[in-house]
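Please read the structure below before turning to the comments.
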Amino acid sequence: MFIIGVILITIGVTFSTLGALGLVRMPDLYNRLQTSTKATTLGAFSTIIGVGFLNPAWLIKTIVIATFILLTAPISSHNLARASHKWGIPLSDKTSVDKYDSKSGKKE
Amino acid sequence: MNNSNYFSRWVFGFIILLLLWLAFTFPFSLPELYTGIVVAAFTALLTAKYFDEFGISSFAPGKILGLLIYIPIILWEIIKANIEVAIIVLSPSLPIEPAIVTAKTKLKSNIGKMFLANSITLTPGTLTVDIIKDTYFIHCIKIAKTDEKYATDSIIGKFEKHLRRFVK
């Protein structure tokens, strides 16, 4: 149990670090959302479950908390992306196509 | 789609909330069960209208089995995609080709579309920006082709066939 917990926490910390690194390296808001919220999702998920393995009395509670994170994290990142696009925050120059016309709410 | 009546929705919300409460207060004890029944019944009364469309028919064994099969699949996709994004972040040239593409879904119900949108957003590298009827607008960090058919197959395809087992 102890070893599984330590491995899970190590994985979680690694992906949290990679998420922070992605936040610095990516060129625009949308790509930053991609790396930060996602790597942090697995980072937080893995760390919380790992704590549950270190202290088995908490395991069920930590699984419930991790499930809530998995359910709520995508909603916040979707809302940030949608609001930014409607607000007119530009995409990076590397972007090849943007088929989403948020002003009219219609397909191009 | 046939919406279930208020009582059926209330029972569904009550059972879900009670199970959550019991999981949170884990070492099981009777006083906590009584408190949980009262609080869950009251909360479900207030929220049943918004919580679910289908009521207790969601507890059909086939649907629960489908959901249980879906959980390891989505976890595996999250791990795979996390490693892909980690490689992109770590490589010095930053090989990204971002694009916002459209993709079509065959799912009809709101809850099914929500499951699919959240699965896409949870998977690193893809992010649902908006849904209009059956069209998903997805921001991809790296995609080879930007036409709708390719996007539908490569992003939605891997989740949709499993989702159709338990949502419409």
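Chain lettering (A, B, ...) mirrors the order of the structure tokens, residue numbering begins at 1 for each chain separately, and ligand numbering begins at 1 in order of display.
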
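Proximity to Trp10 in chain B at 8 Å, evaluated using only C-alpha atoms and with sequence-adjacent residues fewer than 3 positions away removed, yields Tyr6, Phe7, Gly13, Phe14, Ala44, Leu45, Ala48 and Gly55 of chain B.
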
Do you have, as JSON lines, the list of residues of chain A lying at most 9 Å from chain B, each with its nearest atom pair and that distance in Å to one decimal, counting only C-alpha atoms and ordered by chain then number?
```
{"residue": "A:Phe15", "atom": "CA", "partner": "B:Ala86", "partner_atom": "CA", "distance": 7.8}
{"residue": "A:Leu18", "atom": "CA", "partner": "B:Ala86", "partner_atom": "CA", "distance": 6.5}
{"residue": "A:Gly19", "atom": "CA", "partner": "B:Ala86", "partner_atom": "CA", "distance": 8.1}
{"residue": "A:Leu21", "atom": "CA", "partner": "B:Val89", "partner_atom": "CA", "distance": 7.2}
{"residue": "A:Gly22", "atom": "CA", "partner": "B:Val89", "partner_atom": "CA", "distance": 5.5}
{"residue": "A:Arg25", "atom": "CA", "partner": "B:Val89", "partner_atom": "CA", "distance": 7.4}
{"residue": "A:Met26", "atom": "CA", "partner": "B:Val89", "partner_atom": "CA", "distance": 8.1}
{"residue": "A:Tyr30", "atom": "CA", "partner": "B:His139", "partner_atom": "CA", "distance": 7.6}
{"residue": "A:Asn31", "atom": "CA", "partner": "B:Ile141", "partner_atom": "CA", "distance": 6.4}
{"residue": "A:Leu33", "atom": "CA", "partner": "B:Leu127", "partner_atom": "CA", "distance": 8.5}
{"residue": "A:Gln34", "atom": "CA", "partner": "B:Gly125", "partner_atom": "CA", "distance": 5.9}
{"residue": "A:Thr35", "atom": "CA", "partner": "B:Pro124", "partner_atom": "CA", "distance": 6.8}
{"residue": "A:Thr37", "atom": "CA", "partner": "B:Pro124", "partner_atom": "CA", "distance": 8.4}
{"residue": "A:Lys38", "atom": "CA", "partner": "B:Pro124", "partner_atom": "CA", "distance": 5.2}
{"residue": "A:Ala39", "atom": "CA", "partner": "B:Asn82", "partner_atom": "CA", "distance": 6.4}
{"residue": "A:Thr41", "atom": "CA", "partner": "B:Leu122", "partner_atom": "CA", "distance": 7.7}
{"residue": "A:Leu42", "atom": "CA", "partner": "B:Ile78", "partner_atom": "CA", "distance": 7.7}
{"residue": "A:Ala57", "atom": "CA", "partner": "B:Pro27", "partner_atom": "CA", "distance": 8.5}
{"residue": "A:Trp58", "atom": "CA", "partner": "B:Phe26", "partner_atom": "CA", "distance": 8.3}
{"residue": "A:Ile60", "atom": "CA", "partner": "B:Ala23", "partner_atom": "CA", "distance": 6.3}
{"residue": "A:Lys61", "atom": "CA", "partner": "B:Phe24", "partner_atom": "CA", "distance": 5.3}
{"residue": "A:Thr62", "atom": "CA", "partner": "B:Phe24", "partner_atom": "CA", "distance": 8.8}
{"residue": "A:Val64", "atom": "CA", "partner": "B:Ala23", "partner_atom": "CA", "distance": 7.2}
{"residue": "A:Ile65", "atom": "CA", "partner": "B:Phe24", "partner_atom": "CA", "distance": 8.9}
{"residue": "A:Leu70", "atom": "CA", "partner": "B:Leu122", "partner_atom": "CA", "distance": 7.6}
{"residue": "A:Leu71", "atom": "CA", "partner": "B:Asn118", "partner_atom": "CA", "distance": 7.5}
{"residue": "A:Thr72", "atom": "CA", "partner": "B:Asn118", "partner_atom": "CA", "distance": 8.8}
{"residue": "A:Ala73", "atom": "CA", "partner": "B:Leu122", "partner_atom": "CA", "distance": 7.7}
{"residue": "A:Pro74", "atom": "CA", "partner": "B:Thr121", "partner_atom": "CA", "distance": 5.3}
{"residue": "A:Ile75", "atom": "CA", "partner": "B:Asn118", "partner_atom": "CA", "distance": 7.0}
{"residue": "A:Ser77", "atom": "CA", "partner": "B:Thr121", "partner_atom": "CA", "distance": 7.7}
{"residue": "A:His78", "atom": "CA", "partner": "B:Val129", "partner_atom": "CA", "distance": 5.7}
{"residue": "A:Asn79", "atom": "CA", "partner": "B:Val129", "partner_atom": "CA", "distance": 7.6}
{"residue": "A:Leu80", "atom": "CA", "partner": "B:Val129", "partner_atom": "CA", "distance": 8.7}
{"residue": "A:Ala81", "atom": "CA", "partner": "B:Val129", "partner_atom": "CA", "distance": 5.8}
{"residue": "A:Arg82", "atom": "CA", "partner": "B:Val129", "partner_atom": "CA", "distance": 5.1}
{"residue": "A:Ala83", "atom": "CA", "partner": "B:Val129", "partner_atom": "CA", "distance": 8.9}
{"residue": "A:His85", "atom": "CA", "partner": "B:Val129", "partner_atom": "CA", "distance": 8.3}
{"residue": "A:Leu91", "atom": "CA", "partner": "B:Pro98", "partner_atom": "CA", "distance": 8.9}
{"residue": "A:Ser92", "atom": "CA", "partner": "B:Pro98", "partner_atom": "CA", "distance": 8.2}
{"residue": "A:Lys94", "atom": "CA", "partner": "B:Glu97", "partner_atom": "CA", "distance": 6.2}
{"residue": "A:Thr95", "atom": "CA", "partner": "B:Pro98", "partner_atom": "CA", "distance": 4.7}
{"residue": "A:Ser96", "atom": "CA", "partner": "B:Ala99", "partner_atom": "CA", "distance": 5.4}
{"residue": "A:Val97", "atom": "CA", "partner": "B:Ala99", "partner_atom": "CA", "distance": 5.1}
{"residue": "A:Asp98", "atom": "CA", "partner": "B:Ile100", "partner_atom": "CA", "distance": 4.7}
{"residue": "A:Lys99", "atom": "CA", "partner": "B:Val101", "partner_atom": "CA", "distance": 5.8}
{"residue": "A:Tyr100", "atom": "CA", "partner": "B:Phe137", "partner_atom": "CA", "distance": 6.3}
{"residue": "A:Ser102", "atom": "CA", "partner": "B:Asp130", "partner_atom": "CA", "distance": 8.7}
{"residue": "A:Gly105", "atom": "CA", "partner": "B:Ile132", "partner_atom": "CA", "distance": 7.8}
{"residue": "A:Lys106", "atom": "CA", "partner": "B:Ile132", "partner_atom": "CA", "distance": 7.9}
{"residue": "A:Lys107", "atom": "CA", "partner": "B:Thr135", "partner_atom": "CA", "distance": 8.6}
```

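Interatomic distance, CA of Ile4 in chain A to CA of Phe53 in chain A: 6.8 Å.
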
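Between CA of Gly112 in chain B and CA of Ser58 in chain B the separation is 12.2 Å.
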
So the first atom is CA of Gly52 in chain A and the second is CA of Arg32 in chain A; what is the distance between them in Å, to one decimal place? 29.7 Å

Counting only C-alpha atoms, which residue out of B:Val38, B:Ile69, B:Ala151, B:Ala60 sits closest to Phe12 in chain B? B:Ala60

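Note that DSSP on the backbone gives strand (DSSP E or B) to these residues of chain A: Asp98, Tyr100, Asp101, Lys106 and Lys107 of chain A.
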
Excluding Lys161 in chain B and residues on its chain fewer than 5 positions from it, collect all residues at most 10 Å away from it, counting only C-alpha atoms, and give them as a VMD selection string. chain B and resid 106 to 107 156

Give me the residues near Val13 in chain A as a list in words, where near means some atom within 8 Å (using only C-alpha atoms) and where sequence neighbours in that chain fewer than 4 positions away do not count. Ile9, Thr17, Gly43 and Thr47 of chain A
